[in-house]
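Shown next: my_file-v2.csv, given as CSV, C-alpha atoms.
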```csv
chain,number,residue,atom,x,y,z
A,1,MET,CA,71.6,-58.7,66.3
A,2,GLU,CA,68.6,-61.0,66.4
A,3,ASP,CA,65.6,-58.5,66.4
A,4,LYS,CA,64.5,-56.5,63.4
A,5,GLY,CA,65.5,-52.9,63.6
A,6,ILE,CA,63.3,-49.8,63.9
A,7,LEU,CA,62.8,-47.3,61.2
A,8,ILE,CA,62.9,-43.9,62.8
A,9,VAL,CA,62.0,-40.8,60.9
A,10,ILE,CA,63.1,-37.4,62.2
A,11,SER,CA,61.4,-34.2,61.1
A,12,GLY,CA,61.3,-30.7,62.6
A,13,PRO,CA,61.4,-27.1,61.7
A,14,SER,CA,64.6,-25.5,60.4
A,15,GLY,CA,66.5,-24.5,63.5
A,16,ALA,CA,65.4,-27.5,65.5
A,17,GLY,CA,68.9,-29.0,65.3
A,18,LYS,CA,67.9,-32.1,63.3
A,19,GLY,CA,71.3,-32.4,61.5
A,20,THR,CA,73.4,-32.4,64.7
A,21,VAL,CA,71.1,-34.8,66.5
A,22,VAL,CA,71.0,-37.2,63.5
A,23,GLU,CA,74.8,-37.1,63.0
A,24,GLU,CA,75.2,-38.0,66.7
A,25,ILE,CA,72.8,-40.9,66.5
A,26,LYS,CA,74.5,-42.3,63.4
A,27,LYS,CA,77.7,-42.8,65.4
A,28,ASP,CA,75.9,-45.7,67.1
A,29,ARG,CA,76.8,-48.8,65.3
A,30,THR,CA,73.3,-50.3,65.7
A,31,TYR,CA,72.1,-47.6,63.3
A,32,ALA,CA,72.5,-47.8,59.6
A,33,LEU,CA,72.5,-45.1,57.0
A,34,SER,CA,69.8,-45.0,54.4
A,35,ILE,CA,71.1,-44.3,50.9
A,36,SER,CA,68.8,-42.1,48.7
A,37,ALA,CA,67.9,-42.7,45.1
A,38,THR,CA,68.2,-39.7,42.8
A,39,THR,CA,68.1,-38.7,39.2
A,40,ARG,CA,70.6,-35.9,39.5
A,41,GLN,CA,74.0,-36.3,38.0
A,42,PRO,CA,76.7,-37.8,40.2
A,43,ARG,CA,79.5,-35.4,41.3
A,44,SER,CA,83.0,-36.6,40.5
A,45,TYR,CA,83.7,-38.1,43.9
A,46,GLU,CA,80.3,-39.7,44.3
A,47,LYS,CA,79.9,-43.5,44.1
A,48,ASP,CA,76.7,-45.3,43.1
A,49,GLY,CA,75.4,-47.3,46.0
A,50,GLU,CA,77.5,-45.4,48.5
A,51,HIS,CA,76.5,-41.7,48.3
A,52,TYR,CA,73.4,-42.3,46.2
A,53,PHE,CA,71.7,-44.8,44.0
A,54,PHE,CA,71.9,-43.0,40.7
A,55,LYS,CA,68.9,-43.6,38.5
A,56,SER,CA,67.5,-42.4,35.2
A,57,VAL,CA,64.2,-40.6,35.2
A,58,TYR,CA,62.7,-43.7,33.6
A,59,GLU,CA,64.1,-46.0,36.3
A,60,PHE,CA,63.0,-43.6,39.1
A,61,LYS,CA,59.5,-43.4,37.8
A,62,ASN,CA,59.4,-47.2,37.6
A,63,MET,CA,60.4,-47.3,41.3
A,64,ILE,CA,57.6,-44.9,42.1
A,65,GLY,CA,55.1,-47.0,40.2
A,66,GLY,CA,56.3,-50.2,41.7
A,67,GLY,CA,56.0,-48.9,45.3
A,68,LYS,CA,59.8,-49.2,45.6
A,69,LEU,CA,60.2,-45.9,47.4
A,70,LEU,CA,59.2,-45.1,51.0
A,71,GLU,CA,58.9,-41.5,50.0
A,72,TRP,CA,60.1,-39.2,47.2
A,73,ALA,CA,60.0,-35.6,46.1
A,74,GLU,CA,61.1,-33.5,43.2
A,75,PHE,CA,63.6,-30.7,44.0
A,76,CYS,CA,65.2,-28.3,41.4
A,77,GLY,CA,64.1,-30.6,38.6
A,78,ASN,CA,65.6,-33.8,40.1
A,79,TYR,CA,63.9,-36.6,41.9
A,80,TYR,CA,65.0,-37.8,45.3
A,81,GLY,CA,63.6,-40.8,47.2
A,82,THR,CA,64.2,-43.4,49.9
A,83,PRO,CA,64.5,-47.0,48.4
A,84,ARG,CA,62.3,-49.3,50.3
A,85,ASP,CA,64.2,-52.5,49.6
A,86,TYR,CA,67.5,-51.1,50.9
A,87,VAL,CA,65.9,-49.8,54.1
A,88,VAL,CA,63.9,-53.0,54.7
A,89,GLY,CA,67.0,-55.1,54.1
A,90,LYS,CA,69.0,-53.1,56.8
A,91,LEU,CA,66.1,-53.4,59.2
A,92,GLU,CA,65.9,-57.1,58.7
A,93,GLU,CA,69.7,-57.4,59.3
A,94,GLY,CA,68.8,-55.9,62.7
A,95,TYR,CA,70.0,-52.3,62.1
A,96,ASN,CA,67.9,-49.3,63.1
A,97,VAL,CA,67.6,-47.0,60.2
A,98,ILE,CA,67.2,-43.2,60.7
A,99,LEU,CA,65.7,-40.9,58.1
A,100,GLU,CA,65.9,-37.1,58.4
A,101,ILE,CA,63.1,-35.9,56.1
A,102,GLU,CA,60.5,-33.1,55.9
A,103,VAL,CA,57.0,-33.5,57.1
A,104,GLN,CA,55.3,-34.5,53.8
A,105,GLY,CA,57.9,-37.2,53.2
A,106,ALA,CA,57.6,-38.5,56.8
A,107,LEU,CA,53.8,-38.9,56.3
A,108,GLN,CA,54.5,-40.9,53.1
A,109,VAL,CA,56.8,-43.2,54.9
A,110,LYS,CA,54.2,-43.9,57.7
A,111,LYS,CA,51.6,-44.7,55.0
A,112,ILE,CA,53.9,-47.3,53.2
A,113,TYR,CA,55.7,-48.6,56.3
A,114,PRO,CA,53.3,-48.2,59.3
A,115,GLU,CA,55.8,-49.6,61.8
A,116,ALA,CA,58.0,-46.5,61.2
A,117,VAL,CA,58.3,-44.4,64.3
A,118,LEU,CA,57.9,-40.7,63.6
A,119,VAL,CA,59.7,-38.2,65.8
A,120,PHE,CA,59.2,-34.5,65.6
A,121,LEU,CA,62.1,-32.5,67.0
A,122,ILE,CA,61.4,-29.1,68.4
A,123,PRO,CA,63.4,-26.4,70.2
A,124,PRO,CA,62.3,-25.8,73.8
A,125,ASN,CA,60.0,-22.8,72.8
A,126,ARG,CA,59.2,-20.3,70.1
A,127,GLU,CA,61.7,-17.8,71.3
A,128,GLU,CA,64.5,-20.3,71.1
A,129,LEU,CA,63.4,-21.3,67.7
A,130,LYS,CA,63.5,-17.7,66.6
A,131,ASN,CA,66.9,-17.3,68.1
A,132,ARG,CA,68.2,-20.3,66.4
A,133,LEU,CA,66.8,-19.2,63.0
A,134,SER,CA,68.2,-15.7,63.3
A,135,GLY,CA,71.4,-16.9,65.1
A,136,ARG,CA,72.9,-18.0,61.9
A,137,GLY,CA,73.3,-14.3,61.2
A,138,THR,CA,73.0,-14.7,57.4
A,139,GLU,CA,69.3,-14.1,56.9
A,140,ASP,CA,67.2,-10.9,56.9
A,141,MET,CA,64.0,-10.5,58.9
A,142,GLU,CA,61.8,-11.4,56.0
A,143,THR,CA,63.5,-14.8,55.5
A,144,ILE,CA,63.3,-15.5,59.2
A,145,GLU,CA,59.6,-14.6,59.3
A,146,LYS,CA,59.0,-16.9,56.3
A,147,ARG,CA,60.8,-19.7,58.1
A,148,LEU,CA,58.8,-19.1,61.3
A,149,LYS,CA,55.6,-19.3,59.3
A,150,ARG,CA,56.7,-22.5,57.7
A,151,ALA,CA,57.7,-23.9,61.1
A,152,SER,CA,54.2,-23.1,62.4
A,153,GLU,CA,52.7,-25.0,59.5
A,154,GLU,CA,55.0,-28.0,60.2
A,155,ILE,CA,54.2,-27.9,63.9
A,156,GLU,CA,50.5,-28.1,63.0
A,157,LEU,CA,51.2,-31.6,61.8
A,158,ILE,CA,52.7,-32.9,65.1
A,159,PRO,CA,49.6,-35.0,65.9
A,160,GLU,CA,50.5,-37.1,62.9
A,161,TYR,CA,53.8,-38.0,64.6
A,162,ASP,CA,54.3,-40.6,67.2
A,163,TYR,CA,56.6,-38.6,69.5
A,164,VAL,CA,57.8,-35.1,70.2
A,165,VAL,CA,61.4,-34.7,71.3
A,166,VAL,CA,62.4,-31.4,72.8
A,167,ASN,CA,66.0,-30.5,71.7
A,168,ASP,CA,67.1,-28.4,74.7
A,169,GLU,CA,70.5,-30.2,74.7
A,170,VAL,CA,71.8,-32.3,71.9
A,171,GLU,CA,73.0,-35.0,74.2
A,172,LEU,CA,69.6,-35.3,75.9
A,173,ALA,CA,67.7,-35.3,72.6
A,174,VAL,CA,69.9,-38.1,71.3
A,175,LYS,CA,69.3,-40.1,74.5
A,176,ARG,CA,65.5,-39.6,74.2
A,177,ILE,CA,65.4,-40.7,70.6
A,178,LYS,CA,67.5,-43.8,71.4
A,179,GLU,CA,65.1,-44.6,74.3
A,180,ILE,CA,62.1,-44.3,71.9
A,181,VAL,CA,63.8,-46.8,69.6
A,182,ASP,CA,64.5,-49.2,72.5
A,183,VAL,CA,60.9,-49.0,73.7
A,184,SER,CA,59.5,-49.4,70.2
A,185,LYS,CA,61.2,-52.8,70.1
A,186,MET,CA,58.9,-53.8,73.0
A,187,ALA,CA,55.8,-53.0,71.0
A,188,SER,CA,53.3,-55.9,71.3
A,189,ALA,CA,52.9,-56.2,67.5
A,190,ARG,CA,56.5,-57.4,67.4
A,191,TYR,CA,55.7,-60.4,69.7
A,192,VAL,CA,53.5,-62.4,67.4
A,193,ASP,CA,56.2,-65.1,67.0
A,194,LYS,CA,57.0,-65.2,70.7
A,195,ILE,CA,53.3,-65.6,71.5
A,196,ARG,CA,53.4,-68.7,69.3
A,197,ASP,CA,56.3,-70.1,71.5
A,198,PHE,CA,54.2,-70.0,74.5
A,199,LYS,CA,51.5,-72.3,73.2
B,1,MET,CA,56.7,-32.3,88.8
B,2,GLU,CA,55.2,-30.3,86.0
B,3,ASP,CA,54.0,-32.9,83.5
B,4,LYS,CA,51.0,-35.2,84.0
B,5,GLY,CA,51.9,-38.7,85.0
B,6,ILE,CA,51.5,-41.9,83.1
B,7,LEU,CA,49.0,-44.6,84.1
B,8,ILE,CA,50.7,-47.9,83.6
B,9,VAL,CA,48.9,-51.2,83.8
B,10,ILE,CA,50.9,-54.4,84.3
B,11,SER,CA,49.4,-57.8,83.6
B,12,GLY,CA,50.9,-61.2,82.9
B,13,PRO,CA,50.5,-64.8,83.7
B,14,SER,CA,51.0,-66.2,87.2
B,15,GLY,CA,54.7,-66.9,87.4
B,16,ALA,CA,55.7,-63.9,85.3
B,17,GLY,CA,57.0,-62.1,88.4
B,18,LYS,CA,54.6,-59.2,88.3
B,19,GLY,CA,54.5,-58.7,92.1
B,20,THR,CA,58.3,-58.4,92.5
B,21,VAL,CA,58.6,-56.1,89.5
B,22,VAL,CA,55.8,-53.8,90.7
B,23,GLU,CA,57.1,-53.6,94.2
B,24,GLU,CA,60.5,-52.5,92.8
B,25,ILE,CA,58.9,-49.8,90.6
B,26,LYS,CA,56.8,-48.5,93.5
B,27,LYS,CA,60.1,-47.6,95.4
B,28,ASP,CA,60.6,-44.8,92.8
B,29,ARG,CA,59.0,-41.7,94.3
B,30,THR,CA,57.6,-40.5,91.0
B,31,TYR,CA,55.2,-43.5,91.2
B,32,ALA,CA,52.1,-43.3,93.3
B,33,LEU,CA,50.1,-46.2,94.6
B,34,SER,CA,46.5,-46.7,93.6
B,35,ILE,CA,44.0,-47.5,96.4
B,36,SER,CA,41.3,-49.9,95.5
B,37,ALA,CA,37.6,-49.6,96.5
B,38,THR,CA,36.0,-52.7,98.0
B,39,THR,CA,32.8,-53.8,99.6
B,40,ARG,CA,34.5,-56.3,101.8
B,41,GLN,CA,34.7,-55.8,105.5
B,42,PRO,CA,37.9,-54.0,106.7
B,43,ARG,CA,40.3,-56.0,108.8
B,44,SER,CA,41.2,-54.6,112.2
B,45,TYR,CA,44.4,-52.9,111.1
B,46,GLU,CA,43.0,-51.5,107.8
B,47,LYS,CA,42.3,-47.8,107.4
B,48,ASP,CA,39.8,-46.4,105.0
B,49,GLY,CA,41.5,-44.3,102.3
B,50,GLU,CA,44.9,-45.9,103.1
B,51,HIS,CA,44.6,-49.7,102.5
B,52,TYR,CA,41.3,-49.5,100.7
B,53,PHE,CA,38.3,-47.2,100.2
B,54,PHE,CA,35.6,-49.2,102.0
B,55,LYS,CA,32.3,-48.9,100.4
B,56,SER,CA,28.8,-50.4,100.8
B,57,VAL,CA,27.4,-52.4,98.0
B,58,TYR,CA,25.0,-49.5,97.2
B,59,GLU,CA,27.9,-47.0,97.0
B,60,PHE,CA,30.0,-49.4,94.9
B,61,LYS,CA,27.2,-49.9,92.4
B,62,ASN,CA,26.7,-46.2,92.2
B,63,MET,CA,30.4,-45.8,91.4
B,64,ILE,CA,30.0,-48.4,88.6
B,65,GLY,CA,26.9,-46.7,87.2
B,66,GLY,CA,28.6,-43.2,87.4
B,67,GLY,CA,31.7,-44.3,85.5
B,68,LYS,CA,33.7,-43.8,88.7
B,69,LEU,CA,35.8,-47.0,88.4
B,70,LEU,CA,38.5,-47.6,85.9
B,71,GLU,CA,37.8,-51.3,86.3
B,72,TRP,CA,36.1,-53.6,88.7
B,73,ALA,CA,35.4,-57.2,89.4
B,74,GLU,CA,33.5,-59.4,91.8
B,75,PHE,CA,35.6,-61.9,93.8
B,76,CYS,CA,34.3,-64.3,96.5
B,77,GLY,CA,31.1,-62.3,96.8
B,78,ASN,CA,32.9,-58.9,97.2
B,79,TYR,CA,33.4,-56.1,94.7
B,80,TYR,CA,36.8,-54.7,94.1
B,81,GLY,CA,37.6,-51.8,91.8
B,82,THR,CA,40.0,-48.9,90.9
B,83,PRO,CA,38.6,-45.5,91.6
B,84,ARG,CA,39.0,-43.2,88.7
B,85,ASP,CA,39.1,-39.9,90.5
B,86,TYR,CA,41.8,-40.9,92.9
B,87,VAL,CA,44.0,-42.2,90.1
B,88,VAL,CA,43.4,-39.2,87.8
B,89,GLY,CA,44.1,-36.9,90.7
B,90,LYS,CA,47.5,-38.5,91.3
B,91,LEU,CA,48.3,-38.4,87.6
B,92,GLU,CA,47.4,-34.7,87.5
B,93,GLU,CA,49.7,-34.1,90.5
B,94,GLY,CA,52.5,-35.5,88.2
B,95,TYR,CA,52.8,-39.0,89.7
B,96,ASN,CA,52.9,-42.1,87.5
B,97,VAL,CA,50.4,-44.6,88.7
B,98,ILE,CA,51.0,-48.3,88.4
B,99,LEU,CA,48.2,-50.9,88.4
B,100,GLU,CA,48.8,-54.6,88.6
B,101,ILE,CA,45.6,-56.2,87.3
B,102,GLU,CA,44.5,-59.2,85.3
B,103,VAL,CA,43.8,-59.1,81.6
B,104,GLN,CA,40.1,-58.3,81.7
B,105,GLY,CA,40.6,-55.5,84.1
B,106,ALA,CA,43.4,-54.1,82.0
B,107,LEU,CA,41.2,-54.0,78.9
B,108,GLN,CA,38.5,-52.2,80.9
B,109,VAL,CA,41.0,-49.5,82.0
B,110,LYS,CA,42.1,-48.9,78.4
B,111,LYS,CA,38.5,-48.4,77.3
B,112,ILE,CA,37.8,-45.8,80.0
B,113,TYR,CA,41.2,-44.2,80.0
B,114,PRO,CA,42.8,-44.7,76.6
B,115,GLU,CA,46.0,-42.9,77.5
B,116,ALA,CA,46.8,-45.8,79.9
B,117,VAL,CA,49.9,-47.7,78.8
B,118,LEU,CA,49.3,-51.5,78.9
B,119,VAL,CA,52.3,-53.7,79.6
B,120,PHE,CA,52.3,-57.5,79.4
B,121,LEU,CA,55.0,-59.1,81.5
B,122,ILE,CA,56.2,-62.5,80.4
B,123,PRO,CA,59.0,-64.9,81.4
B,124,PRO,CA,61.6,-65.5,78.7
B,125,ASN,CA,59.9,-68.7,77.4
B,126,ARG,CA,57.4,-71.3,78.1
B,127,GLU,CA,59.9,-73.6,79.8
B,128,GLU,CA,60.8,-70.9,82.2
B,129,LEU,CA,57.1,-70.1,82.8
B,130,LYS,CA,56.5,-73.8,83.7
B,131,ASN,CA,59.6,-73.8,85.9
B,132,ARG,CA,58.4,-70.7,87.8
B,133,LEU,CA,54.9,-72.1,88.2
B,134,SER,CA,56.0,-75.4,89.5
B,135,GLY,CA,59.0,-73.9,91.4
B,136,ARG,CA,56.8,-72.8,94.2
B,137,GLY,CA,56.7,-76.5,95.1
B,138,THR,CA,53.2,-76.3,96.6
B,139,GLU,CA,51.0,-77.3,93.6
B,140,ASP,CA,50.3,-80.6,92.0
B,141,MET,CA,50.6,-81.2,88.2
B,142,GLU,CA,46.9,-80.6,87.6
B,143,THR,CA,47.1,-77.1,89.2
B,144,ILE,CA,50.2,-76.3,87.2
B,145,GLU,CA,48.6,-77.5,83.9
B,146,LYS,CA,45.5,-75.4,84.7
B,147,ARG,CA,47.7,-72.4,85.3
B,148,LEU,CA,49.6,-73.0,82.0
B,149,LYS,CA,46.3,-73.2,80.2
B,150,ARG,CA,45.2,-69.9,81.7
B,151,ALA,CA,48.5,-68.4,80.9
B,152,SER,CA,48.1,-69.4,77.2
B,153,GLU,CA,44.7,-67.7,77.2
B,154,GLU,CA,46.1,-64.5,78.6
B,155,ILE,CA,49.0,-64.6,76.2
B,156,GLU,CA,46.4,-64.7,73.4
B,157,LEU,CA,45.4,-61.2,74.4
B,158,ILE,CA,48.9,-59.7,74.1
B,159,PRO,CA,47.9,-57.8,70.9
B,160,GLU,CA,45.5,-55.7,73.0
B,161,TYR,CA,48.5,-54.5,75.0
B,162,ASP,CA,50.9,-51.7,74.0
B,163,TYR,CA,54.1,-53.4,75.1
B,164,VAL,CA,55.6,-56.7,76.0
B,165,VAL,CA,58.3,-56.8,78.6
B,166,VAL,CA,60.3,-59.9,79.1
B,167,ASN,CA,61.2,-60.6,82.7
B,168,ASP,CA,64.5,-62.4,82.3
B,169,GLU,CA,65.9,-60.4,85.2
B,170,VAL,CA,63.9,-58.2,87.6
B,171,GLU,CA,66.3,-55.3,87.4
B,172,LEU,CA,66.1,-55.3,83.6
B,173,ALA,CA,62.3,-55.6,83.5
B,174,VAL,CA,62.0,-52.7,85.9
B,175,LYS,CA,64.4,-50.6,83.8
B,176,ARG,CA,62.4,-51.4,80.6
B,177,ILE,CA,59.0,-50.5,82.2
B,178,LYS,CA,60.5,-47.2,83.5
B,179,GLU,CA,61.8,-46.5,80.0
B,180,ILE,CA,58.3,-47.2,78.6
B,181,VAL,CA,56.9,-44.6,81.0
B,182,ASP,CA,59.5,-42.0,80.1
B,183,VAL,CA,58.9,-42.5,76.4
B,184,SER,CA,55.2,-42.4,76.8
B,185,LYS,CA,55.6,-38.9,78.1
B,186,MET,CA,56.9,-37.9,74.7
B,187,ALA,CA,53.8,-39.1,72.9
B,188,SER,CA,52.7,-36.4,70.5
B,189,ALA,CA,49.2,-36.3,71.9
B,190,ARG,CA,50.6,-34.8,75.1
B,191,TYR,CA,52.0,-31.8,73.1
B,192,VAL,CA,48.8,-30.0,72.2
B,193,ASP,CA,49.5,-27.2,74.6
B,194,LYS,CA,53.1,-26.9,73.6
B,195,ILE,CA,52.0,-26.7,69.9
B,196,ARG,CA,49.9,-23.7,70.9
B,197,ASP,CA,53.0,-22.0,72.4
B,198,PHE,CA,54.7,-22.1,69.0
B,199,LYS,CA,52.0,-20.1,67.2
```
Would you kindly transcribe this structure into structure tokens?
Amino acid sequence: MEDKGILIVISGPSGAGKGTVVEEIKKDRTYALSISATTRQPRSYEKDGEHYFFKSVYEFKNMIGGGKLLEWAEFCGNYYGTPRDYVVGKLEEGYNVILEIEVQGALQVKKIYPEAVLVFLIPPNREELKNRLSGRGTEDMETIEKRLKRASEEIELIPEYDYVVVNDEVELAVKRIKEIVDVSKMASARYVDKIRDFK
Amino acid sequence: MEDKGILIVISGPSGAGKGTVVEEIKKDRTYALSISATTRQPRSYEKDGEHYFFKSVYEFKNMIGGGKLLEWAEFCGNYYGTPRDYVVGKLEEGYNVILEIEVQGALQVKKIYPEAVLVFLIPPNREELKNRLSGRGTEDMETIEKRLKRASEEIELIPEYDYVVVNDEVELAVKRIKEIVDVSKMASARYVDKIRDFK
């Protein structure tokens, strides 16, 4: 693989089908996984550098301070983040890297790594979103309404994203995202070296 | 066709193969032709509104003044330009419109119609460019050198373009440009109305 890969960030409301779509894309061998850094305790089967990069709070805070994280958040008293060097290394090897993160994290990534391509995944319409949220059959109306409200707030931030992909069918959504990645490789900003060749 | 079309502008040095690529894309029925306005005299077989929109110099200058042209230039004492209303009408009908114009014209279009997608078509490398320029067999070395110099100047402006498409094979170049158009339809800016649907 000669060309640098694309960092693609997928967000979208709960019920948009991000998980399924991302799993499908990851089957493509030109895509590499990102490995998160975390301060939480490893579970018995988890290996450092494979499931997570396990860090002390001190180490993690140093990573934040040193700009070593593309994004990070605190969740249930533990820190989680995306290590910049690992991701950039994979991109330079020519792999595309896909991150599935929520809206605030996605905007952090774009700030630190502006070449990142931000994709917002949405169901075809509000009705379908509501169906998918309630379709799990495990939540009461209040929870569903809360999620819909949150979805509305996230959707407000779509203009910060580069692309919107409608997830009407998983196969089509995957195809669209891969097309976005292919086309992003043709961005003129990536041709600085080639321009030099022509002089 | 429900969605608004994409205005795609193709430029590139002489010898890049723009003509062939554009002809190929125009065969796709989702692409509409643009019809230029001109002040030059119609030839016997030319029909107004089909081959060109024939205008008096007075009318043409009024179009310039009224912002009715996406771009225009003077050539051999005649004016030529791309009528904004005609192009926008086709885009609103859902057609993609492709314009093959030189660098200065392309930059004018982007200024007046920022959603336009600018594609710079290049041969795989300088050697190949030189081969294609001299391959026509009708020009002397001086003409070829002049063209190469002009090509270098045009290539300097690549950063003003959105995408660079390498024309190694016509079929591939056509496929890449169509992918760029498809992906441009997923730009988040086009989802303002759909965002409203989710509220």
- Message: Using only C-alpha atoms and a cut-off of 10 Å, which residues of chain A sit close to chain B? Please list them as a PyMOL selection string.
- Response: chain A and resi 118-120+122-127+129+148-149+151-153+155-166+176-177+179-192+194-199
- Task: Between atom CA of Ala37 of chain A and atom CA of Glu59 of chain A, measure the distance and give it in Å to one decimal.
- Result: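 Rounded to one decimal, the two atoms are 10.1 Å apart.
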- Quick one: residues within 12 Å of Glu50 of chain A, all atoms listed in the file counted, chain neighbours fewer than 5 positions away excluded, as a ChimeraX atom specification? /A:33-37,42,45,86
- Query: Suppose you want the space between atom CA of Glu154 of chain A and atom CA of Gly67 of chain A; what is it in Å?
  - Reply: 25.7 Å
- Query: In Å, with one decimal, what is the gap from atom CA of Asn96 of chain A to atom CA of Lys27 of chain A?
  - Reply: 12.0 Å
- Pick the closest to Lys146 of chain A from A:Val170, A:Leu121, A:Leu133, A:Val97: which is it, counting only C-alpha atoms? A:Leu133
- Task: Compute the distance from (55.5, -44.8, 90.9) to each atom, counting only C-alpha atoms, keep the residues with any atom at most 12 Å away, and return them as an MDAnalysis selection string; use the coordinates of the file.
- Result: chainID B and resid 5:9 21:34 87 90:91 94:99 174 177:178 181:182
Write out, as a PDB file, keeping the file's coordinate frame, the residues just selected, with C-alpha atoms.
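So the final result, stored in out_14.pdb, reads:
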```
ATOM      1  CA  GLY B   5      51.900 -38.700  85.000  1.00  0.00           C
ATOM      2  CA  ILE B   6      51.500 -41.900  83.100  1.00  0.00           C
ATOM      3  CA  LEU B   7      49.000 -44.600  84.100  1.00  0.00           C
ATOM      4  CA  ILE B   8      50.700 -47.900  83.600  1.00  0.00           C
ATOM      5  CA  VAL B   9      48.900 -51.200  83.800  1.00  0.00           C
ATOM      6  CA  VAL B  21      58.600 -56.100  89.500  1.00  0.00           C
ATOM      7  CA  VAL B  22      55.800 -53.800  90.700  1.00  0.00           C
ATOM      8  CA  GLU B  23      57.100 -53.600  94.200  1.00  0.00           C
ATOM      9  CA  GLU B  24      60.500 -52.500  92.800  1.00  0.00           C
ATOM     10  CA  ILE B  25      58.900 -49.800  90.600  1.00  0.00           C
ATOM     11  CA  LYS B  26      56.800 -48.500  93.500  1.00  0.00           C
ATOM     12  CA  LYS B  27      60.100 -47.600  95.400  1.00  0.00           C
ATOM     13  CA  ASP B  28      60.600 -44.800  92.800  1.00  0.00           C
ATOM     14  CA  ARG B  29      59.000 -41.700  94.300  1.00  0.00           C
ATOM     15  CA  THR B  30      57.600 -40.500  91.000  1.00  0.00           C
ATOM     16  CA  TYR B  31      55.200 -43.500  91.200  1.00  0.00           C
ATOM     17  CA  ALA B  32      52.100 -43.300  93.300  1.00  0.00           C
ATOM     18  CA  LEU B  33      50.100 -46.200  94.600  1.00  0.00           C
ATOM     19  CA  SER B  34      46.500 -46.700  93.600  1.00  0.00           C
ATOM     20  CA  VAL B  87      44.000 -42.200  90.100  1.00  0.00           C
ATOM     21  CA  LYS B  90      47.500 -38.500  91.300  1.00  0.00           C
ATOM     22  CA  LEU B  91      48.300 -38.400  87.600  1.00  0.00           C
ATOM     23  CA  GLY B  94      52.500 -35.500  88.200  1.00  0.00           C
ATOM     24  CA  TYR B  95      52.800 -39.000  89.700  1.00  0.00           C
ATOM     25  CA  ASN B  96      52.900 -42.100  87.500  1.00  0.00           C
ATOM     26  CA  VAL B  97      50.400 -44.600  88.700  1.00  0.00           C
ATOM     27  CA  ILE B  98      51.000 -48.300  88.400  1.00  0.00           C
ATOM     28  CA  LEU B  99      48.200 -50.900  88.400  1.00  0.00           C
ATOM     29  CA  VAL B 174      62.000 -52.700  85.900  1.00  0.00           C
ATOM     30  CA  ILE B 177      59.000 -50.500  82.200  1.00  0.00           C
ATOM     31  CA  LYS B 178      60.500 -47.200  83.500  1.00  0.00           C
ATOM     32  CA  VAL B 181      56.900 -44.600  81.000  1.00  0.00           C
ATOM     33  CA  ASP B 182      59.500 -42.000  80.100  1.00  0.00           C
TER      34      ASP B 182
END
```
- Task: Have a look at A:Arg132, A:Arg84, A:Lys47, A:Arg147 and name the one nearest to Glu71 of chain A; count only C-alpha atoms.
- Result: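 Closest to Glu71 of chain A of all the choices is A:Arg84.
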